[in-house]
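Novice: Next up, final_9.tsv (TSV, C-alpha atoms).
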chain	number	residue	atom	x	y	z
A	649	MET	CA	81.55	29.64	141.50
A	650	ALA	CA	84.83	31.47	140.96
A	651	ALA	CA	85.63	34.05	143.63
A	652	PRO	CA	84.16	37.45	142.82
A	653	GLY	CA	86.56	40.25	141.92
A	654	ALA	CA	84.39	42.66	143.82
A	655	LEU	CA	81.74	42.71	146.51
A	656	LEU	CA	78.90	45.20	146.28
A	657	VAL	CA	77.39	45.93	149.70
A	658	MET	CA	73.99	47.42	148.85
A	659	GLY	CA	70.80	48.56	150.53
A	660	VAL	CA	68.90	51.70	151.38
A	661	SER	CA	70.49	54.57	153.28
A	662	GLY	CA	71.06	53.54	156.91
A	663	SER	CA	71.24	49.78	156.22
A	664	GLY	CA	74.90	49.68	157.31
A	665	LYS	CA	76.63	49.53	153.91
A	666	SER	CA	79.67	51.64	154.82
A	667	THR	CA	80.24	49.95	158.18
A	668	VAL	CA	79.80	46.42	156.79
A	669	GLY	CA	81.80	47.22	153.64
A	670	ALA	CA	84.77	48.69	155.51
A	671	LEU	CA	84.85	45.73	157.94
A	672	LEU	CA	84.64	43.19	155.10
A	673	ALA	CA	87.44	44.93	153.20
A	674	SER	CA	89.69	44.89	156.24
A	675	GLU	CA	88.80	41.25	157.01
A	676	LEU	CA	89.49	40.16	153.41
A	677	GLY	CA	92.46	42.49	152.85
A	678	TRP	CA	90.61	44.07	149.90
A	679	LYS	CA	90.36	47.72	148.90
A	680	PHE	CA	87.27	49.62	150.14
A	681	TYR	CA	85.30	52.29	148.31
A	682	ASP	CA	82.27	54.14	149.61
A	683	ALA	CA	80.22	55.17	146.57
A	684	ASP	CA	78.95	58.25	148.44
A	685	ASP	CA	82.49	59.68	148.27
A	686	TYR	CA	82.21	59.73	144.47
A	687	HIS	CA	78.96	61.67	144.11
A	688	PRO	CA	79.43	64.89	142.16
A	689	GLU	CA	78.73	68.05	144.15
A	690	GLU	CA	75.38	68.59	142.32
A	691	ASN	CA	74.11	65.20	143.60
A	692	ARG	CA	75.18	65.99	147.18
A	693	MET	CA	73.46	69.39	147.05
A	694	LYS	CA	70.27	67.83	145.69
A	695	MET	CA	70.17	65.16	148.42
A	696	GLY	CA	71.07	67.74	151.05
A	697	LYS	CA	67.97	69.72	150.00
A	698	GLY	CA	65.86	66.57	150.35
A	699	ILE	CA	65.46	66.04	146.59
A	700	PRO	CA	65.75	62.36	145.54
A	701	LEU	CA	68.26	61.62	142.77
A	702	ASN	CA	66.92	60.41	139.42
A	703	ASP	CA	68.51	58.10	136.84
A	704	GLN	CA	70.12	61.06	135.02
A	705	ASP	CA	71.89	61.95	138.28
A	706	ARG	CA	72.91	58.38	139.05
A	707	ILE	CA	74.00	56.85	135.72
A	708	PRO	CA	77.21	58.93	135.18
A	709	TRP	CA	78.13	58.35	138.85
A	710	LEU	CA	77.57	54.56	138.48
A	711	CYS	CA	79.57	54.45	135.22
A	712	ASN	CA	82.45	56.17	137.02
A	713	LEU	CA	82.24	53.59	139.83
A	714	HIS	CA	82.26	50.75	137.24
A	715	ASP	CA	85.45	52.20	135.73
A	716	ILE	CA	87.11	52.31	139.17
A	717	LEU	CA	86.08	48.70	139.93
A	718	LEU	CA	87.20	47.49	136.52
A	719	ARG	CA	90.58	49.25	136.79
A	720	ASP	CA	91.27	47.72	140.21
A	721	VAL	CA	90.00	44.23	139.41
A	722	ALA	CA	91.94	44.20	136.11
A	723	SER	CA	95.12	44.99	138.05
A	724	GLY	CA	94.45	42.04	140.38
A	725	GLN	CA	93.07	44.13	143.25
A	726	HIS	CA	89.90	42.80	144.92
A	727	VAL	CA	87.41	45.47	145.92
A	728	VAL	CA	84.51	46.04	148.31
A	729	LEU	CA	82.11	48.80	147.20
A	730	ALA	CA	79.43	50.20	149.50
A	731	CYS	CA	76.72	51.59	147.21
A	732	SER	CA	72.92	51.82	147.49
A	733	ALA	CA	72.53	50.33	143.94
A	734	LEU	CA	68.77	50.25	144.53
A	735	LYS	CA	67.67	49.18	141.03
A	736	LYS	CA	68.76	46.17	139.02
A	737	VAL	CA	69.81	48.48	136.18
A	738	TYR	CA	72.18	50.30	138.58
A	739	ARG	CA	73.80	46.97	139.52
A	740	ASP	CA	74.03	46.11	135.79
A	741	ILE	CA	75.91	49.39	135.22
A	742	LEU	CA	78.32	48.57	138.07
A	743	ILE	CA	79.00	45.21	136.37
A	744	ARG	CA	79.01	46.29	132.69
A	745	GLY	CA	79.48	50.07	132.72
A	746	LYS	CA	77.61	52.05	130.04
A	747	ALA	CA	76.64	48.76	128.37
A	748	GLY	CA	74.49	47.99	131.42
A	749	ALA	CA	72.65	51.30	131.11
A	750	PRO	CA	69.36	51.42	129.20
A	751	GLN	CA	70.23	52.36	125.60
A	752	LYS	CA	68.38	55.12	123.81
A	753	ARG	CA	66.71	53.95	120.60
A	754	ASP	CA	69.14	55.76	118.30
A	755	GLU	CA	72.35	54.67	120.06
A	756	PRO	CA	74.31	52.05	118.15
A	757	GLY	CA	75.12	48.94	120.17
A	758	GLU	CA	78.69	48.69	121.46
A	759	GLU	CA	80.65	46.24	119.36
A	760	GLY	CA	83.23	43.83	120.75
A	761	ALA	CA	83.63	42.16	124.11
A	762	LEU	CA	82.76	44.32	127.05
A	763	ALA	CA	84.69	44.20	130.26
A	764	GLU	CA	82.54	42.95	133.12
A	765	VAL	CA	83.28	43.05	136.81
A	766	LYS	CA	82.63	39.72	138.57
A	767	LEU	CA	80.42	41.02	141.33
A	768	LEU	CA	78.85	39.38	144.36
A	769	VAL	CA	75.98	41.51	145.68
A	770	VAL	CA	75.58	41.58	149.47
A	771	TYR	CA	72.06	42.91	150.04
A	772	LEU	CA	71.50	44.31	153.54
A	773	ALA	CA	67.74	43.98	153.98
A	774	GLY	CA	65.71	45.61	156.71
A	775	SER	CA	62.31	47.06	157.46
A	776	PHE	CA	61.48	50.74	157.07
A	777	GLU	CA	60.96	50.98	160.86
A	778	VAL	CA	64.37	49.53	161.81
A	779	ILE	CA	66.28	51.56	159.23
A	780	SER	CA	64.48	54.87	159.83
A	781	GLY	CA	65.26	54.42	163.54
A	782	ARG	CA	68.96	54.07	162.69
A	783	LEU	CA	68.93	57.09	160.40
A	784	ARG	CA	67.40	59.29	163.10
A	785	LYS	CA	70.44	58.52	165.30
A	786	ARG	CA	72.94	59.33	162.55
A	787	LYS	CA	74.66	62.72	162.57
A	788	GLY	CA	76.51	64.63	159.88
A	789	HIS	CA	75.41	62.66	156.81
A	790	PHE	CA	74.15	64.47	153.71
A	791	MET	CA	71.26	62.02	153.24
A	792	PRO	CA	68.28	63.35	155.22
A	793	PRO	CA	66.04	60.66	156.80
A	794	GLU	CA	63.06	62.09	154.86
A	795	LEU	CA	64.54	60.64	151.65
A	796	LEU	CA	64.38	57.11	153.05
A	797	GLN	CA	60.82	56.50	151.81
A	798	SER	CA	61.88	57.41	148.25
A	799	GLN	CA	64.70	54.84	148.55
A	800	PHE	CA	62.28	52.10	149.63
A	801	ASP	CA	59.99	53.11	146.73
A	802	THR	CA	62.91	52.78	144.27
A	803	LEU	CA	64.36	49.57	145.76
A	804	GLU	CA	64.41	46.47	143.53
A	805	PRO	CA	65.89	43.76	145.76
A	806	PRO	CA	68.31	41.46	143.91
A	807	SER	CA	66.86	38.23	142.53
A	808	ALA	CA	68.03	35.34	140.34
A	809	PRO	CA	69.96	35.28	138.04
A	810	GLU	CA	71.86	38.02	139.92
A	811	ASN	CA	74.80	36.74	141.97
A	812	PHE	CA	73.77	37.82	145.50
A	813	ILE	CA	73.25	36.98	149.14
A	814	GLN	CA	70.63	38.65	151.31
A	815	ILE	CA	71.39	39.35	154.96
A	816	SER	CA	69.05	40.88	157.54
A	817	VAL	CA	70.24	44.13	159.13
A	818	ASP	CA	68.74	42.81	162.38
A	819	LYS	CA	71.75	40.48	162.77
A	820	ASP	CA	74.83	41.48	164.78
A	821	LEU	CA	77.64	42.99	162.77
A	822	SER	CA	79.80	39.94	163.51
A	823	GLU	CA	77.07	37.61	162.18
A	824	ILE	CA	76.73	39.70	159.00
A	825	ILE	CA	80.50	39.62	158.40
A	826	ALA	CA	80.67	35.85	159.12
A	827	ALA	CA	77.83	35.11	156.66
A	828	VAL	CA	79.55	37.07	153.87
A	829	MET	CA	82.97	35.56	154.61
A	830	LYS	CA	81.47	32.05	154.41
A	831	THR	CA	80.06	32.87	150.96
A	832	VAL	CA	83.26	34.47	149.64
A	833	LYS	CA	85.67	31.78	150.89
In structure tokens, write the structure found in this file.

Specialist:
Amino acid sequence: MAAPGALLVMGVSGSGKSTVGALLASELGWKFYDADDYHPEENRMKMGKGIPLNDQDRIPWLCNLHDILLRDVASGQHVVLACSALKKVYRDILIRGKAGAPQKRDEPGEEGALAEVKLLVVYLAGSFEVISGRLRKRKGHFMPPELLQSQFDTLEPPSAPENFIQISVDKDLSEIIAAVMKTVK
């Protein structure tokens, strides 16, 4: 497999995406983005009030992230993105942009070749108990622990033919980084 242009570090809130993503980026010498930094204010307010985001809230945000990934990868910059990307369709949007989004019946199909981001998904998997324990210790994040159950309900873990590796959040940070580095190299 050719090296991915981008790594997507995904999982529910509290799985360690930002920490793992930032460490991987520094280890690889790649650029790091935390998808949470790109949420529009309305999304942050909604989550802050304990209201789960829906697809209408997420799709424009994911399309924007796709455009950022594509721009960087096209200019030769490798990228690590930390993003929950809980559903397969969300990961498709990160790879293909609007073309990955479910089309409404009356929308004409996009003609021509679409730009795709070569993405390797790093899925940080953990139990509700372990992750909710971590979230309870976390301070100053706009995602209240009460929303965790809705994230587990939404979660569609990656599966073939998606390009992914699954790593348990129970491992040490150094083991997680080593496993990803082995896959990328």

Novice: Could you check how far CA of Lys665 in chain A sits from CA of Phe776 in chain A, in Å to one decimal?

Specialist: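 Answer for the CA of Lys665 in chain A to CA of Phe776 in chain A separation: 15.5 Å.
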
Novice: Set the distance at 9 Å and use only C-alpha atoms: which residues neighbour range 822-830 of chain A once local chain neighbours fewer than 3 positions away are removed? I'd like the list as a PyMOL selection string.

Specialist: chain A and resi 668+671-672+675-676+770+772+813+815-817+819+833

Novice: Residues of range 803-832 of chain A within 12 Å of range 737-752 of chain A: nearest atom pair and distance (Å, one decimal) for each, counting all atoms listed in the file, sorted by chain and number, as a Markdown table?

Specialist:
| residue | atom | partner | partner_atom | distance |
| --- | --- | --- | --- | --- |
| A:Leu803 | CA | A:Tyr738 | CA | 10.6 |
| A:Glu804 | CA | A:Val737 | CA | 9.3 |
| A:Pro805 | CA | A:Arg739 | CA | 10.6 |
| A:Pro806 | CA | A:Arg739 | CA | 8.9 |
| A:Ser807 | CA | A:Arg739 | CA | 11.6 |
| A:Pro809 | CA | A:Asp740 | CA | 11.8 |
| A:Glu810 | CA | A:Arg739 | CA | 9.2 |
| A:Asn811 | CA | A:Arg739 | CA | 10.6 |
| A:Phe812 | CA | A:Arg739 | CA | 10.9 |

Novice: Would you mind reading off the distance between CA of Ser798 in chain A and CA of Lys735 in chain A, one decimal, in Å?

Specialist: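 Answer for the CA of Ser798 in chain A to CA of Lys735 in chain A separation: 12.4 Å.
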
Novice: Compare A:Asp682, A:Ile699, A:Asp720, A:Asp801 by their minimum atom-to-atom distance to Gly664 in chain A, counting all atoms listed in the file, and give me the closest one.

Specialist: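 Going through A:Asp682, A:Ile699, A:Asp720, A:Asp801 one by one, the smallest distance to Gly664 in chain A is for A:Asp682.
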
Novice: Give as a PyMOL selection string the set of residues within 10 Å of the point (65.8, 51.8, 154.0), where distances use the file's coordinates and all atoms listed in the file.

Specialist: chain A and resi 659-664+732+772-783+793+795-801+803

Novice: Extract, using only C-alpha atoms, all DNA, RNA and protein residues at most 10 Å from Ala673 in chain A, discarding same-chain residues fewer than 5 positions from it, and format them as number ranges by chain.

Specialist: A: 655, 668, 678-681, 726-729

Novice: For a quick check of your reading of the model, name the residues lying within 9 Å of the coordinate (69.3, 64.8, 145.8), counting only C-alpha atoms, and write them as a PyMOL selection string.

Specialist: chain A and resi 690-702+705+791+795

Novice: Keeping only C-alpha atoms, write the selected residues as a PDB file, in the coordinates of the input.

Specialist:
ATOM      1  CA  GLU A 690      75.380  68.590 142.320  1.00  0.00           C
ATOM      2  CA  ASN A 691      74.110  65.200 143.600  1.00  0.00           C
ATOM      3  CA  ARG A 692      75.180  65.990 147.180  1.00  0.00           C
ATOM      4  CA  MET A 693      73.460  69.390 147.050  1.00  0.00           C
ATOM      5  CA  LYS A 694      70.270  67.830 145.690  1.00  0.00           C
ATOM      6  CA  MET A 695      70.170  65.160 148.420  1.00  0.00           C
ATOM      7  CA  GLY A 696      71.070  67.740 151.050  1.00  0.00           C
ATOM      8  CA  LYS A 697      67.970  69.720 150.000  1.00  0.00           C
ATOM      9  CA  GLY A 698      65.860  66.570 150.350  1.00  0.00           C
ATOM     10  CA  ILE A 699      65.460  66.040 146.590  1.00  0.00           C
ATOM     11  CA  PRO A 700      65.750  62.360 145.540  1.00  0.00           C
ATOM     12  CA  LEU A 701      68.260  61.620 142.770  1.00  0.00           C
ATOM     13  CA  ASN A 702      66.920  60.410 139.420  1.00  0.00           C
ATOM     14  CA  ASP A 705      71.890  61.950 138.280  1.00  0.00           C
ATOM     15  CA  MET A 791      71.260  62.020 153.240  1.00  0.00           C
ATOM     16  CA  LEU A 795      64.540  60.640 151.650  1.00  0.00           C
TER      17      LEU A 795
END

Novice: Give me, please, the distance in Å between CA of Asp685 in chain A and CA of Ala808 in chain A, quoted to one decimal.

Specialist: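 About the pair CA of Asp685 in chain A and CA of Ala808 in chain A: they are 29.4 Å apart.
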